[in-house]
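J.: Below you'll find the structure I mean.
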Amino acid sequence: MWLGSITVMSSAMITTAFIPVSDPSVAARWYSQILGLDILALDNWSAVLGDGAGSTSLTLLGPESGIKATPGLKWATCNFLVQNLAGKRAELERQGIPVGAVEGSADVCLFFTLADPDGNTLLLTDR
């Protein structure tokens with residue numbers, strides 16, 4: 001779409017989600033271990049993780065990043081799609097990670113929640 005001298009894309013693409021954490025290095029290792037995400041970049045203020053597809057990423061922002069959000073978000077900033085929701089929930093439960101019950105509708109979306117080590121709510125979904 002053309003608006004004067006500005007070209008506007010007809011649709012936007014989400015490229016990253018942000019979650020505040022207390023220590024990017026510690027959080028990156030946890031997210032990599034628990035969700036199978038690859039650590040793409042890591043420094044004192046943030047960590048960037050991805051799923052190998054390259055189109056989206058997760059950015060974990062530590063205190064040195066200057067973000068004003070405090071870790072411990074009680075709502076999920078994004079969702080994480082897993083191939084076998086019941087299997088992933090059972091695996092996490094076996095590891096001693098507290099997980100919520102599977103909720104939702106089989107016709108729309110099934111999901112469960114858990115918290116990362118900083119208390120941020122994560123949402124795992126089947127689609």
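Chains: A, B, ... in order of the structure tokens. Residues: from 1 per chain. Ligands: from 1, in order shown.
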As a short mmCIF file (atom, residue, chain, number, x, y, z; two decimals) with N, CA and C atoms, in the first residue's frame, please: every residue in chain A that a backbone DSSP assignment puts in strand (DSSP E).
T.:
data_model
loop_
_atom_site.label_atom_id
_atom_site.label_comp_id
_atom_site.auth_asym_id
_atom_site.auth_seq_id
_atom_site.Cartn_x
_atom_site.Cartn_y
_atom_site.Cartn_z
N TRP A 2 0.57 2.22 -0.80
CA TRP A 2 1.37 3.43 -0.92
C TRP A 2 0.60 4.60 -0.31
N LEU A 3 1.21 5.29 0.64
CA LEU A 3 0.62 6.47 1.27
C LEU A 3 1.59 7.63 1.12
N ILE A 6 5.41 7.31 1.87
CA ILE A 6 5.67 6.22 2.82
C ILE A 6 5.07 4.94 2.28
N THR A 7 5.86 3.89 2.22
CA THR A 7 5.35 2.58 1.83
C THR A 7 5.01 1.81 3.09
N THR A 16 9.71 -11.24 17.56
CA THR A 16 10.22 -11.65 18.87
C THR A 16 9.20 -11.33 19.96
N ALA A 17 9.30 -12.07 21.04
CA ALA A 17 8.52 -11.81 22.24
C ALA A 17 9.53 -11.49 23.33
N PHE A 18 9.16 -10.67 24.29
CA PHE A 18 10.06 -10.24 25.35
C PHE A 18 9.55 -10.72 26.70
N ILE A 19 10.48 -11.20 27.53
CA ILE A 19 10.15 -11.61 28.89
C ILE A 19 11.23 -11.07 29.82
N PRO A 20 10.84 -10.36 30.89
CA PRO A 20 11.85 -9.86 31.84
C PRO A 20 12.36 -10.99 32.74
N ASP A 38 17.09 -22.93 21.09
CA ASP A 38 18.51 -22.68 20.90
C ASP A 38 18.88 -21.30 21.42
N ILE A 39 20.00 -21.19 22.11
CA ILE A 39 20.50 -19.88 22.55
C ILE A 39 21.25 -19.27 21.36
N LEU A 40 20.70 -18.19 20.81
CA LEU A 40 21.27 -17.56 19.62
C LEU A 40 22.25 -16.44 19.96
N ALA A 41 22.00 -15.75 21.07
CA ALA A 41 22.87 -14.65 21.51
C ALA A 41 22.71 -14.51 23.01
N LEU A 42 23.81 -14.14 23.67
CA LEU A 42 23.77 -14.01 25.13
C LEU A 42 24.80 -12.97 25.56
N SER A 46 20.82 -9.33 27.95
CA SER A 46 19.73 -10.08 27.34
C SER A 46 20.22 -11.41 26.78
N ALA A 47 19.25 -12.24 26.44
CA ALA A 47 19.51 -13.50 25.74
C ALA A 47 18.45 -13.63 24.66
N VAL A 48 18.86 -14.08 23.50
CA VAL A 48 17.93 -14.31 22.39
C VAL A 48 17.93 -15.81 22.12
N LEU A 49 16.73 -16.39 22.10
CA LEU A 49 16.58 -17.82 21.84
C LEU A 49 15.68 -18.01 20.64
N GLY A 50 15.87 -19.11 19.94
CA GLY A 50 15.04 -19.41 18.78
C GLY A 50 14.75 -20.89 18.68
N SER A 57 11.70 -15.27 17.57
CA SER A 57 12.64 -15.51 18.65
C SER A 57 12.03 -15.06 19.97
N LEU A 58 12.69 -15.43 21.03
CA LEU A 58 12.33 -15.02 22.38
C LEU A 58 13.50 -14.24 22.94
N THR A 59 13.24 -13.04 23.44
CA THR A 59 14.28 -12.22 24.03
C THR A 59 14.03 -12.12 25.52
N LEU A 60 15.00 -12.59 26.29
CA LEU A 60 14.94 -12.52 27.75
C LEU A 60 15.73 -11.29 28.17
N LEU A 61 15.05 -10.32 28.77
CA LEU A 61 15.67 -9.05 29.12
C LEU A 61 15.99 -8.98 30.60
N ASN A 79 2.75 -17.43 23.53
CA ASN A 79 2.54 -18.85 23.79
C ASN A 79 3.63 -19.65 23.09
N PHE A 80 3.86 -20.85 23.61
CA PHE A 80 4.86 -21.76 23.06
C PHE A 80 4.13 -22.99 22.56
N LEU A 81 4.19 -23.23 21.27
CA LEU A 81 3.56 -24.38 20.64
C LEU A 81 4.42 -25.61 20.88
N GLU A 103 -6.23 -27.05 29.89
CA GLU A 103 -7.50 -26.34 29.78
C GLU A 103 -7.77 -26.03 28.32
N GLY A 104 -8.91 -25.40 28.07
CA GLY A 104 -9.27 -24.99 26.72
C GLY A 104 -10.25 -25.92 26.08
N SER A 105 -10.28 -25.87 24.76
CA SER A 105 -11.21 -26.66 23.97
C SER A 105 -10.44 -27.40 22.88
N CYS A 109 -8.26 -24.72 21.04
CA CYS A 109 -6.88 -24.77 21.51
C CYS A 109 -6.84 -25.35 22.91
N LEU A 110 -5.91 -26.27 23.12
CA LEU A 110 -5.66 -26.78 24.47
C LEU A 110 -4.37 -26.16 24.96
N PHE A 111 -4.28 -25.92 26.28
CA PHE A 111 -3.10 -25.26 26.83
C PHE A 111 -2.93 -25.60 28.30
N PHE A 112 -1.72 -25.34 28.79
CA PHE A 112 -1.47 -25.35 30.23
C PHE A 112 -0.43 -24.28 30.53
N THR A 113 -0.34 -23.90 31.77
CA THR A 113 0.61 -22.87 32.17
C THR A 113 1.65 -23.44 33.13
N LEU A 114 2.75 -22.76 33.21
CA LEU A 114 3.79 -23.02 34.19
C LEU A 114 4.52 -21.71 34.40
N ALA A 115 5.38 -21.66 35.39
CA ALA A 115 6.15 -20.45 35.66
C ALA A 115 7.63 -20.75 35.45
N THR A 121 4.71 -16.20 34.00
CA THR A 121 3.76 -17.21 33.52
C THR A 121 4.04 -17.53 32.06
N LEU A 122 4.13 -18.81 31.75
CA LEU A 122 4.32 -19.28 30.38
C LEU A 122 3.09 -20.08 29.97
N LEU A 123 2.73 -19.98 28.72
CA LEU A 123 1.57 -20.66 28.17
C LEU A 123 2.04 -21.63 27.08
N LEU A 124 1.82 -22.92 27.29
CA LEU A 124 2.16 -23.93 26.30
C LEU A 124 0.88 -24.40 25.65
N THR A 125 0.86 -24.46 24.32
CA THR A 125 -0.36 -24.75 23.57
C THR A 125 -0.15 -25.89 22.58
#
J.: Name the closest residue to Lys74 (chain A) among the candidates A:Ala12, A:Ala90, A:Ser32, A:Asp116; distances are taken between atoms, counting only C-alpha atoms.
T.: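 Under the stated criterion, the closest residue is A:Asp116.
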J.: Using only C-alpha atoms, which residue out of A:Trp75, A:Thr56, A:Lys88, A:Asp23 lies closest to Gly36 (chain A)?
T.: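 Nearest candidate to Gly36 (chain A) out of A:Trp75, A:Thr56, A:Lys88, A:Asp23: A:Lys88.
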J.: Go through A:Pro71, A:Pro63, A:Gly96, A:Gly52 and flag the residue nearest Gly119 (chain A), using only C-alpha atoms for the distances.
T.: A:Pro71
J.: From a backbone DSSP assignment, name each residue in region 2-105 of chain A labelled alpha helix (DSSP H), as an MDAnalysis selection string.
T.: chainID A and resid 24:35 85:94
J.: Which residue gives the smallest distance to Asp43 (chain A) among A:Gly72, A:Tyr31, A:Met13, A:Pro24, with only C-alpha atoms counted?
T.: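 Looking at the shortest contact to Asp43 (chain A), the residue is A:Pro24.
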